[in-house]
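Undergrad: You'll find coords.txt just under this line, and it carries compact mmCIF, C-alpha atoms (C1' of nucleotides).
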```txt
# COMPACT_ATOMS: atom_id res chain seq x y z
CA MET A 1 100.70 100.93 126.84
CA LYS A 2 97.75 98.66 126.22
CA GLN A 3 98.35 99.18 122.50
CA LEU A 4 101.90 97.95 122.77
CA LEU A 5 100.86 94.82 124.65
CA GLN A 6 98.23 94.10 122.04
CA HIS A 7 100.79 94.63 119.32
CA ILE A 8 103.01 92.06 120.99
CA ALA A 9 100.13 89.66 121.60
CA ARG A 10 99.57 89.54 117.87
CA HIS A 11 102.92 87.76 117.57
CA ILE A 12 103.74 85.97 120.83
CA GLN A 13 101.90 84.95 124.02
CA LEU A 14 103.11 86.44 127.29
CA ASP A 15 101.97 85.44 130.76
CA SER A 16 101.27 88.24 133.22
CA ASN A 17 104.70 88.03 134.85
CA GLU A 18 106.37 88.42 131.52
CA GLU A 19 104.11 91.34 130.66
CA ALA A 20 104.92 93.04 133.91
CA TYR A 21 108.63 92.44 133.45
CA PHE A 22 108.49 93.78 129.92
CA LEU A 23 106.65 96.90 131.02
CA SER A 24 109.21 97.50 133.74
CA LEU A 25 111.84 97.89 131.00
CA ILE A 26 109.87 100.40 128.95
CA GLN A 27 109.70 104.15 129.23
CA GLU A 28 107.26 106.53 127.69
CA LYS A 29 108.44 109.75 126.07
CA THR A 30 106.76 112.67 124.33
CA ILE A 31 108.38 114.50 121.43
CA ARG A 32 106.88 117.77 120.28
CA LYS A 33 106.36 118.53 116.65
CA LYS A 34 109.63 119.45 114.86
CA GLU A 35 111.77 118.09 117.65
CA LEU A 36 114.25 115.30 117.05
CA LEU A 37 114.02 111.92 118.72
CA LEU A 38 117.46 111.14 117.32
CA GLN A 39 120.10 113.36 115.79
CA GLN A 40 122.46 112.07 113.10
CA GLY A 41 125.88 111.70 114.76
CA GLU A 42 124.52 110.86 118.22
CA VAL A 43 124.23 107.30 119.43
CA CYS A 44 120.76 105.81 119.09
CA LYS A 45 120.07 104.76 122.68
CA THR A 46 116.58 103.26 122.28
CA GLU A 47 114.26 101.41 119.98
CA ASN A 48 110.95 103.26 119.81
CA TYR A 49 107.40 102.09 119.35
CA LEU A 50 104.96 104.82 118.30
CA LEU A 51 101.94 105.05 120.58
CA SER A 52 100.62 108.13 118.76
CA GLY A 53 101.79 110.78 116.35
CA CYS A 54 103.99 110.66 113.30
CA MET A 55 107.73 110.68 112.61
CA ARG A 56 110.20 110.55 109.79
CA THR A 57 113.64 108.98 109.58
CA PHE A 58 116.01 110.83 107.27
CA LYS A 59 119.60 111.37 106.36
CA LEU A 60 121.50 114.35 105.03
CA ASN A 61 123.23 113.47 101.79
CA GLU A 62 126.46 114.95 100.45
CA ARG A 63 124.66 117.86 98.82
CA GLY A 64 123.01 118.78 102.10
CA GLU A 65 119.58 117.53 101.05
CA GLU A 66 117.43 115.45 103.35
CA GLN A 67 116.39 112.02 102.18
CA THR A 68 113.50 110.44 104.05
CA VAL A 69 113.89 106.68 104.27
CA GLN A 70 110.87 105.93 106.41
CA PHE A 71 107.75 107.39 107.92
CA GLY A 72 106.39 106.02 111.15
CA ILE A 73 102.90 106.24 112.55
CA GLU A 74 100.99 104.55 115.38
CA ASP A 75 102.05 100.95 115.80
CA TRP A 76 105.41 101.24 114.02
CA TRP A 77 108.92 100.87 115.37
CA VAL A 78 111.48 103.57 114.57
CA GLY A 79 115.16 103.94 115.31
CA ASP A 80 118.56 103.67 113.71
CA LEU A 81 119.07 99.96 114.08
CA TYR A 82 122.76 99.92 113.21
CA SER A 83 123.59 102.70 115.63
CA PHE A 84 121.44 101.06 118.30
CA LEU A 85 123.06 97.66 117.95
CA THR A 86 126.63 98.86 117.79
CA GLN A 87 126.21 101.96 119.96
CA THR A 88 128.05 104.02 117.36
CA PRO A 89 127.02 107.40 115.91
CA ALA A 90 123.77 107.32 113.97
CA SER A 91 123.58 107.93 110.21
CA TYR A 92 119.95 108.91 110.46
CA SER A 93 117.94 111.57 112.25
CA ILE A 94 114.37 111.05 113.43
CA GLU A 95 112.00 114.00 113.61
CA ALA A 96 108.47 114.33 114.95
CA LEU A 97 106.07 115.59 112.30
CA GLU A 98 103.34 115.90 114.93
CA ASP A 99 103.37 115.77 118.71
CA THR A 100 104.30 112.16 119.24
CA VAL A 101 104.38 109.65 122.08
CA VAL A 102 106.73 106.69 121.97
CA ALA A 103 107.45 103.69 124.16
CA GLN A 104 111.21 103.25 124.48
CA ILE A 105 113.51 100.42 125.37
CA THR A 106 117.25 100.84 125.80
CA LYS A 107 119.82 98.41 124.47
CA GLU A 108 120.75 97.17 127.96
CA ASN A 109 117.12 96.52 128.78
CA LEU A 110 116.47 94.83 125.47
CA ASP A 111 119.47 92.57 126.01
CA ARG A 112 118.13 91.70 129.46
CA LEU A 113 114.75 91.05 127.93
CA TYR A 114 116.16 88.66 125.32
CA GLN A 115 117.95 86.85 128.12
CA GLN A 116 114.99 86.62 130.51
CA VAL A 117 112.24 86.09 127.95
CA PRO A 118 113.69 84.49 124.82
CA LYS A 119 110.28 84.66 123.20
CA PHE A 120 111.23 88.22 122.34
CA ASP A 121 113.86 86.91 119.95
CA ARG A 122 110.95 85.45 118.10
CA PHE A 123 108.90 88.62 118.40
CA PHE A 124 111.55 90.83 116.87
CA ARG A 125 112.35 88.21 114.28
CA LEU A 126 108.75 88.41 113.13
CA ILE A 127 108.76 92.20 113.10
CA LEU A 128 111.98 92.22 111.12
CA GLN A 129 110.66 89.68 108.64
CA ASN A 130 107.79 91.97 107.78
CA ALA A 131 110.03 95.00 107.56
CA PHE A 132 112.47 93.14 105.37
CA ILE A 133 109.78 92.10 102.91
CA ALA A 134 108.36 95.61 102.71
CA GLN A 135 111.81 97.05 102.11
CA GLN A 136 112.66 94.59 99.38
CA ASP A 137 109.54 95.62 97.52
CA ARG A 138 110.41 99.24 98.05
CA ILE A 139 113.85 98.73 96.53
CA HIS A 140 112.25 97.14 93.52
CA ARG A 141 109.86 100.04 93.09
CA SER A 142 112.53 102.68 93.66
CA LEU A 143 114.65 101.27 90.90
CA SER A 144 112.14 100.20 88.33
CA TRP A 145 109.19 102.57 88.60
CA SER A 146 108.93 106.15 87.39
CA ALA A 147 108.38 109.00 89.84
CA GLU A 148 104.73 109.20 88.83
CA GLU A 149 104.16 105.49 89.43
CA ARG A 150 105.86 105.70 92.81
CA TYR A 151 103.70 108.64 93.80
CA ASP A 152 100.47 106.92 92.73
CA ASP A 153 101.50 103.85 94.65
CA PHE A 154 102.28 105.90 97.73
CA SER A 155 98.92 107.70 97.63
CA LYS A 156 97.09 104.42 97.30
CA LYS A 157 99.05 102.68 100.02
CA TYR A 158 99.16 105.48 102.60
CA PRO A 159 96.25 107.86 101.95
CA GLN A 160 96.37 108.97 105.60
CA LEU A 161 100.02 109.91 105.35
CA GLU A 162 99.48 111.94 102.23
CA GLN A 163 97.17 114.14 104.26
CA ARG A 164 99.26 114.24 107.40
CA VAL A 165 102.72 115.11 106.13
CA ALA A 166 104.20 117.97 104.11
CA GLN A 167 104.70 117.48 100.39
CA LYS A 168 108.40 118.13 100.62
CA HIS A 169 108.71 115.14 102.90
CA ILE A 170 106.74 112.95 100.55
CA ALA A 171 108.94 114.15 97.71
CA SER A 172 112.05 113.26 99.64
CA TYR A 173 110.59 109.84 100.51
CA LEU A 174 109.91 109.24 96.82
CA GLY A 175 113.37 110.44 95.83
CA ILE A 176 112.22 113.42 93.77
CA THR A 177 112.28 117.21 94.19
CA PRO A 178 109.33 119.04 95.74
CA VAL A 179 109.07 121.04 92.51
CA PHE A 180 108.64 117.92 90.45
CA LEU A 181 106.14 116.44 92.89
CA SER A 182 104.10 119.59 92.54
CA MET A 183 104.03 119.08 88.77
CA LEU A 184 102.85 115.50 89.17
CA ARG A 185 100.01 116.72 91.37
CA ARG A 186 98.91 119.32 88.88
CA LYS A 187 98.94 116.70 86.15
CA ARG A 188 96.79 114.47 88.33
CA VAL A 189 93.99 117.03 88.81
CA ASN A 190 94.11 118.46 85.29
CA GLY A 191 93.88 114.97 83.82
CA MET B 1 128.15 71.82 105.49
CA LYS B 2 131.01 72.78 107.75
CA GLN B 3 130.71 76.28 106.33
CA LEU B 4 127.09 76.51 107.33
CA LEU B 5 127.82 75.39 110.88
CA GLN B 6 130.58 77.95 111.14
CA HIS B 7 128.24 80.60 109.81
CA ILE B 8 125.78 79.72 112.56
CA ALA B 9 128.47 79.55 115.21
CA ARG B 10 129.28 83.17 114.49
CA HIS B 11 125.87 84.06 115.95
CA ILE B 12 124.73 81.37 118.38
CA GLN B 13 126.28 78.41 120.25
CA LEU B 14 124.94 74.94 119.49
CA ASP B 15 125.80 71.75 121.34
CA SER B 16 126.48 68.67 119.25
CA ASN B 17 122.93 67.30 119.59
CA GLU B 18 121.53 70.53 118.31
CA GLU B 19 123.98 70.57 115.45
CA ALA B 20 123.03 67.04 114.51
CA TYR B 21 119.35 67.84 114.73
CA PHE B 22 119.80 70.93 112.60
CA LEU B 23 121.73 69.01 109.96
CA SER B 24 119.02 66.37 109.84
CA LEU B 25 116.62 69.07 108.63
CA ILE B 26 118.87 70.35 105.85
CA GLN B 27 119.23 69.18 102.28
CA GLU B 28 121.90 69.98 99.79
CA LYS B 29 121.03 70.83 96.21
CA THR B 30 122.98 71.74 93.08
CA ILE B 31 121.67 74.19 90.51
CA ARG B 32 123.43 74.45 87.17
CA LYS B 33 124.25 77.78 85.61
CA LYS B 34 121.20 79.44 84.04
CA GLU B 35 118.75 77.19 85.88
CA LEU B 36 116.17 78.56 88.29
CA LEU B 37 116.10 77.74 91.98
CA LEU B 38 112.72 79.48 92.16
CA GLN B 39 110.31 80.57 89.48
CA GLN B 40 108.08 83.61 89.93
CA GLY B 41 104.53 82.26 90.44
CA GLU B 42 105.60 79.04 92.17
CA VAL B 43 105.60 78.71 95.93
CA CYS B 44 109.01 79.20 97.54
CA LYS B 45 109.38 75.94 99.45
CA THR B 46 112.79 76.50 101.04
CA GLU B 47 115.17 79.04 102.45
CA ASN B 48 118.57 78.58 100.86
CA TYR B 49 122.08 79.12 102.14
CA LEU B 50 124.74 79.37 99.41
CA LEU B 51 127.61 76.94 99.93
CA SER B 52 129.22 77.90 96.63
CA GLY B 53 128.37 79.67 93.40
CA CYS B 54 126.39 82.78 92.66
CA MET B 55 122.71 83.62 92.20
CA ARG B 56 120.45 86.54 91.48
CA THR B 57 116.92 87.28 92.72
CA PHE B 58 114.85 89.21 90.23
CA LYS B 59 111.34 90.15 89.25
CA LEU B 60 109.70 90.81 85.90
CA ASN B 61 108.16 94.24 85.87
CA GLU B 62 105.11 95.37 83.91
CA ARG B 63 107.19 96.16 80.82
CA GLY B 64 108.65 92.67 80.82
CA GLU B 65 112.06 93.83 82.02
CA GLU B 66 113.95 91.99 84.72
CA GLN B 67 114.87 93.87 87.86
CA THR B 68 117.53 92.29 90.02
CA VAL B 69 116.91 92.99 93.69
CA GLN B 70 119.73 90.93 95.12
CA PHE B 71 122.82 88.96 94.28
CA GLY B 72 123.87 86.09 96.47
CA ILE B 73 127.27 84.50 96.84
CA GLU B 74 128.86 82.07 99.29
CA ASP B 75 127.57 82.57 102.79
CA TRP B 76 124.36 84.40 101.86
CA TRP B 77 120.75 83.35 102.28
CA VAL B 78 118.42 83.63 99.31
CA GLY B 79 114.72 83.02 98.87
CA ASP B 80 111.42 84.81 98.49
CA LEU B 81 110.69 85.37 102.15
CA TYR B 82 107.07 86.41 101.73
CA SER B 83 106.24 83.45 99.55
CA PHE B 84 108.10 81.15 101.91
CA LEU B 85 106.32 82.38 105.01
CA THR B 86 102.83 82.44 103.56
CA GLN B 87 103.30 79.58 101.09
CA THR B 88 101.76 81.70 98.35
CA PRO B 89 103.07 82.24 94.80
CA ALA B 90 106.44 83.97 94.65
CA SER B 91 106.94 87.46 93.20
CA TYR B 92 110.59 86.79 92.56
CA SER B 93 112.63 84.32 90.54
CA ILE B 94 116.06 83.10 91.55
CA GLU B 95 118.57 82.10 88.92
CA ALA B 96 122.01 80.53 89.16
CA LEU B 97 124.66 82.68 87.49
CA GLU B 98 127.21 79.91 88.00
CA ASP B 99 126.91 76.27 88.99
CA THR B 100 125.75 76.67 92.57
CA VAL B 101 125.33 74.52 95.65
CA VAL B 102 122.83 75.47 98.34
CA ALA B 103 121.79 74.09 101.71
CA GLN B 104 118.00 74.09 101.95
CA ILE B 105 115.48 74.02 104.74
CA THR B 106 111.75 73.70 104.19
CA LYS B 107 109.14 75.70 106.06
CA GLU B 108 107.91 72.66 108.02
CA ASN B 109 111.44 71.85 109.09
CA LEU B 110 112.22 75.42 109.99
CA ASP B 111 109.07 75.59 112.10
CA ARG B 112 110.13 72.40 113.86
CA LEU B 113 113.56 73.85 114.34
CA TYR B 114 112.20 77.02 115.95
CA GLN B 115 110.13 74.83 118.25
CA GLN B 116 112.89 72.43 119.24
CA VAL B 117 115.77 74.88 119.33
CA PRO B 118 114.45 78.36 120.07
CA LYS B 119 117.96 79.72 119.75
CA PHE B 120 117.27 79.76 116.02
CA ASP B 121 114.75 82.52 116.56
CA ARG B 122 117.71 84.52 117.71
CA PHE B 123 119.91 83.36 114.87
CA PHE B 124 117.50 84.45 112.19
CA ARG B 125 116.72 87.64 114.06
CA LEU B 126 120.40 88.50 113.85
CA ILE B 127 120.59 87.62 110.16
CA LEU B 128 117.54 89.72 109.46
CA GLN B 129 118.89 92.66 111.44
CA ASN B 130 121.92 92.78 109.20
CA ALA B 131 119.86 92.40 106.06
CA PHE B 132 117.49 95.12 107.19
CA ILE B 133 120.29 97.58 107.80
CA ALA B 134 121.90 96.87 104.44
CA GLN B 135 118.58 97.29 102.67
CA GLN B 136 117.80 100.56 104.35
CA ASP B 137 121.09 101.95 103.12
CA ARG B 138 120.39 100.61 99.67
CA ILE B 139 117.04 102.39 99.58
CA HIS B 140 118.75 105.60 100.52
CA ARG B 141 121.30 105.20 97.77
CA SER B 142 118.75 104.16 95.16
CA LEU B 143 116.74 107.28 95.74
CA SER B 144 119.34 109.89 96.33
CA TRP B 145 122.38 108.93 94.31
CA SER B 146 122.90 109.21 90.55
CA ALA B 147 123.47 106.13 88.42
CA GLU B 148 127.17 106.88 88.25
CA GLU B 149 127.48 107.18 92.02
CA ARG B 150 125.59 103.92 92.50
CA TYR B 151 127.85 102.16 90.06
CA ASP B 152 131.03 103.46 91.69
CA ASP B 153 129.70 102.39 95.05
CA PHE B 154 128.85 98.95 93.73
CA SER B 155 132.30 98.44 92.22
CA LYS B 156 133.96 99.46 95.43
CA LYS B 157 131.73 97.33 97.64
CA TYR B 158 131.61 94.17 95.52
CA PRO B 159 134.69 94.09 93.30
CA GLN B 160 134.40 90.28 93.07
CA LEU B 161 130.83 90.47 91.84
CA GLU B 162 131.71 92.98 89.18
CA GLN B 163 134.02 90.35 87.70
CA ARG B 164 131.71 87.39 88.17
CA VAL B 165 128.40 88.59 86.78
CA ALA B 166 127.25 89.95 83.43
CA GLN B 167 126.99 93.70 83.00
CA LYS B 168 123.34 93.51 82.15
CA HIS B 169 122.68 92.02 85.56
CA ILE B 170 124.66 94.72 87.27
CA ALA B 171 122.72 97.30 85.27
CA SER B 172 119.45 95.79 86.35
CA TYR B 173 120.64 95.70 89.98
CA LEU B 174 121.52 99.38 89.75
CA GLY B 175 118.21 100.23 88.09
CA ILE B 176 119.67 101.45 84.80
CA THR B 177 119.81 100.13 81.25
CA PRO B 178 122.76 98.06 80.02
CA VAL B 179 123.37 100.69 77.36
CA PHE B 180 123.73 103.40 79.94
CA LEU B 181 125.99 101.28 82.13
CA SER B 182 128.23 100.78 79.13
CA MET B 183 128.49 104.56 78.75
CA LEU B 184 129.42 104.96 82.39
CA ARG B 185 132.19 102.41 81.96
CA ARG B 186 133.61 104.16 78.93
CA LYS B 187 133.57 107.43 80.81
CA ARG B 188 135.45 105.74 83.64
CA VAL B 189 138.35 104.55 81.48
CA ASN B 190 138.54 107.66 79.26
CA GLY B 191 138.62 109.88 82.34
C1' DC C 1 98.85 141.26 110.83
C1' DG C 2 103.43 140.20 109.13
C1' DA C 3 107.35 137.15 108.28
C1' DA C 4 108.94 132.86 107.08
C1' DA C 5 108.17 128.61 104.99
C1' DA C 6 105.80 125.68 101.63
C1' DT C 7 103.98 125.19 97.27
C1' DT C 8 103.21 126.48 92.47
C1' DT C 9 104.57 127.94 87.98
C1' DG C 10 107.50 128.64 83.92
C1' DA C 11 111.96 128.52 81.29
C1' DC C 12 115.77 126.03 80.61
C1' DA C 13 119.42 122.27 81.50
C1' DT C 14 120.85 117.54 81.95
C1' DG C 15 120.81 112.63 83.20
C1' DA C 16 119.15 108.62 81.59
C1' DC C 17 116.41 106.09 78.05
C1' DT C 18 115.25 104.27 73.27
C1' DC C 19 116.36 102.64 69.00
C1' DA C 20 119.24 100.97 65.66
C1' DA C 21 123.57 99.67 63.84
C1' DC C 22 127.89 97.61 64.68
C1' DT C 23 131.60 94.59 67.10
C1' DG C 24 133.29 90.85 69.42
C1' DG C 25 133.36 86.64 72.00
C1' DA C 26 131.21 82.11 73.58
C1' DG C 27 128.90 78.06 72.50
C1' DT C 28 127.47 74.60 68.99
C1' DG C 29 127.33 71.45 65.25
C1' DG C 30 129.54 69.66 61.39
C1' DC D 1 139.10 72.83 64.61
C1' DC D 2 136.52 75.77 61.70
C1' DA D 3 132.29 78.24 60.47
C1' DC D 4 128.23 79.91 62.10
C1' DT D 5 125.04 81.84 65.16
C1' DC D 6 123.65 84.32 68.83
C1' DC D 7 123.84 87.06 72.66
C1' DA D 8 126.36 90.67 75.32
C1' DG D 9 128.37 94.83 74.96
C1' DT D 10 129.50 99.31 72.50
C1' DT D 11 128.54 103.51 70.04
C1' DG D 12 125.92 107.47 68.29
C1' DA D 13 121.66 110.25 67.45
C1' DG D 14 117.59 111.82 69.09
C1' DT D 15 114.06 112.08 72.96
C1' DC D 16 111.85 112.17 77.41
C1' DA D 17 111.83 112.37 82.42
C1' DT D 18 113.36 114.83 85.98
C1' DG D 19 116.26 118.48 87.92
C1' DT D 20 117.68 123.53 88.61
C1' DC D 21 116.82 128.20 89.23
C1' DA D 22 114.07 132.09 90.04
C1' DA D 23 109.82 134.40 90.65
C1' DA D 24 104.97 134.40 92.13
C1' DT D 25 101.56 132.75 95.27
C1' DT D 26 99.64 130.54 99.22
C1' DT D 27 99.81 128.74 103.81
C1' DT D 28 101.43 128.58 108.48
C1' DC D 29 102.25 130.39 112.72
C1' DG D 30 104.16 133.62 116.04
```
Represent the supplied structure as structure tokens.

TA:
Amino acid sequence: MKQLLQHIARHIQLDSNEEAYFLSLIQEKTIRKKELLLQQGEVCKTENYLLSGCMRTFKLNERGEEQTVQFGIEDWWVGDLYSFLTQTPASYSIEALEDTVVAQITKENLDRLYQQVPKFDRFFRLILQNAFIAQQDRIHRSLSWSAEERYDDFSKKYPQLEQRVAQKHIASYLGITPVFLSMLRRKRVNG
Amino acid sequence: MKQLLQHIARHIQLDSNEEAYFLSLIQEKTIRKKELLLQQGEVCKTENYLLSGCMRTFKLNERGEEQTVQFGIEDWWVGDLYSFLTQTPASYSIEALEDTVVAQITKENLDRLYQQVPKFDRFFRLILQNAFIAQQDRIHRSLSWSAEERYDDFSKKYPQLEQRVAQKHIASYLGITPVFLSMLRRKRVNG
DNA sequence: CGAAAATTTGACATGACTCAACTGGAGTGG
DNA sequence: CCACTCCAGTTGAGTCATGTCAAATTTTCG
């Protein structure tokens, strides 16, 4: 949990009472590789901070294909925000790509936290600001770059991830087929 | 400005002192059709709430084409958030598609506002939550739907916008060429 | 070791782009 | 108020990027 407190300290200052209170609202959970933290159709009960491991958030489209909208590694938050906020069935599933440990907070506890320690409004505002900016750029790239450009960009930006996760998941994150990704890779090595 | 106060009241409760203080930090500005509220390369000095009119946020890509990442109409916030927060040159431009009136707040004033009325941390957290959710869905659609599906979805979701803005801007929002959008439209009427 | 899943490879199909020519409407100056 | 220009939109022909399908190969894991 030290990690999580440090993560928070990068954005807001808590005194030790506040830290203790915050920790009292958090639960740790382990998800084994290939298990789901959240299943599309269920209500997303918690927001989740990754202490270790790796996950992907994805959705089944009409044709039954999986589309990965986000990867998460250490230090990232994952969840289905809409489902969490409204407590309605989730549109996304979240799967562990490795054995993963998360710190969880439920909606009731988060609401209590906002009430007791309003600084957390600021904390999550800051987190969301960063996420918003990153997503806006991703939209731009999705719509105006070719598959090859998106793949090069991905490799440069997340070299660790390229090693850690299966190609089919990268393909689905980039919005292309695994077959086509394989062609791009061949092209890359053969020049 | 009544609109803006109502918009805020939908998310947080202000007393009349707070309202007055907030209003003292806001400026109104008119932008004529075809003028820029923000020019790529300049620093984004304000966040902007649309009181009336219509704008688009776009970026020039490497090939010199414009990619529209967002439209804004009454009741939306527009700006280049990264540039605004870091006070560095903007990656996006913002153009008025109609004569437009915005309510503006500068970074210094917003920082003061957060300090004096921490409820605004919550307000912008809530705004960002909604924006984040909408963007995540847009990423999913950009990557896993065909141009035709994206266009149909757009027409259904924003029928007003389809009337108000030029086709080339819709095309650039959808990530396709104006020529191809024109073909999709013909197909739609001819069955 | 064997079975299942992931990746690669090749042939072919199609969605979306480019280019160029044409049409029509909006804005401008006389 | 007309004539002109100019930009947005349309149309068609040809091309390229990416997808589909199916088979071969490699990797993973029980």

Undergrad: Which distance in Å separates CA of Cys44 in chain B and CA of Glu66 in chain B, to one decimal?

TA: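 So the answer is 18.8 Å.
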
Undergrad: To one decimal place in Å, what is the distance between C1' of DT9 in chain C and CA of Phe180 in chain A?

TA: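 Those two atoms sit 11.1 Å apart.
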
Undergrad: List the neighbours of Leu97 in chain A out to 9 Å using all atoms listed in the file; skip same-chain residues closer than 5 positions along the sequence, and give me the result as a ChimeraX atom specification.

TA: /A:32-35,53-56,164-166

Undergrad: Go through B:His140, B:Lys45, B:Lys187, B:Lys107 and flag the residue nearest chain A, using all atoms listed in the file for the distances.

TA: B:His140

Undergrad: What is the CA of Gly64 in chain A to CA of Glu42 in chain A distance in Å?

TA: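 Computed distance, CA of Gly64 in chain A to CA of Glu42 in chain A, equals 18.0 Å.
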
Undergrad: Please check the contacts: residues of chain A at most 12 Å away from chain D, using all atoms listed in the file, listed as a ChimeraX atom specification.

TA: /A:145-148,166,175-181,183-184

Undergrad: Could you work out which residues of chain B fall inside 7 Å of chain A? Count all atoms listed in the file, and format the result as a VMD selection string.

TA: chain B and resid 67 69 81 to 82 121 to 122 124 to 125 128 to 129 132 to 133 135 139 to 140 142 to 144 175

Undergrad: Nearest residue to Ile105 in chain B out of B:His169, B:Arg150, B:Lys157, B:Lys29, using all atoms listed in the file?

TA: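 Closest to Ile105 in chain B, using all atoms listed in the file: B:Lys29.
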
Undergrad: Please rebuild range 131-144 of chain A with N, CA and C atoms and give the result as a short mmCIF file (atom, residue, chain, number, x, y, z; two decimals), in the coordinates of the input.

TA:
```cif
data_model
loop_
_atom_site.label_atom_id
_atom_site.label_comp_id
_atom_site.auth_asym_id
_atom_site.auth_seq_id
_atom_site.Cartn_x
_atom_site.Cartn_y
_atom_site.Cartn_z
N ALA A 131 109.34 93.80 108.02
CA ALA A 131 110.03 95.00 107.56
C ALA A 131 110.93 94.68 106.37
N PHE A 132 111.58 93.55 106.44
CA PHE A 132 112.47 93.14 105.37
C PHE A 132 111.72 92.99 104.05
N ILE A 133 110.58 92.32 104.12
CA ILE A 133 109.78 92.10 102.91
C ILE A 133 109.32 93.43 102.32
N ALA A 134 108.84 94.31 103.19
CA ALA A 134 108.36 95.61 102.71
C ALA A 134 109.50 96.39 102.06
N GLN A 135 110.68 96.31 102.67
CA GLN A 135 111.81 97.05 102.11
C GLN A 135 112.26 96.49 100.78
N GLN A 136 112.23 95.18 100.65
CA GLN A 136 112.66 94.59 99.38
C GLN A 136 111.76 95.07 98.25
N ASP A 137 110.47 95.11 98.53
CA ASP A 137 109.54 95.62 97.52
C ASP A 137 109.82 97.09 97.24
N ARG A 138 110.14 97.82 98.28
CA ARG A 138 110.41 99.24 98.05
C ARG A 138 111.64 99.44 97.19
N ILE A 139 112.65 98.64 97.39
CA ILE A 139 113.85 98.73 96.53
C ILE A 139 113.45 98.48 95.09
N HIS A 140 112.68 97.45 94.88
CA HIS A 140 112.25 97.14 93.52
C HIS A 140 111.53 98.33 92.90
N ARG A 141 110.61 98.91 93.65
CA ARG A 141 109.86 100.04 93.09
C ARG A 141 110.75 101.26 92.87
N SER A 142 111.65 101.51 93.81
CA SER A 142 112.53 102.68 93.66
C SER A 142 113.31 102.61 92.36
N LEU A 143 113.73 101.39 92.02
CA LEU A 143 114.65 101.27 90.90
C LEU A 143 113.93 101.03 89.59
N SER A 144 112.70 100.54 89.63
CA SER A 144 112.14 100.20 88.33
C SER A 144 110.85 100.95 88.00
#
```
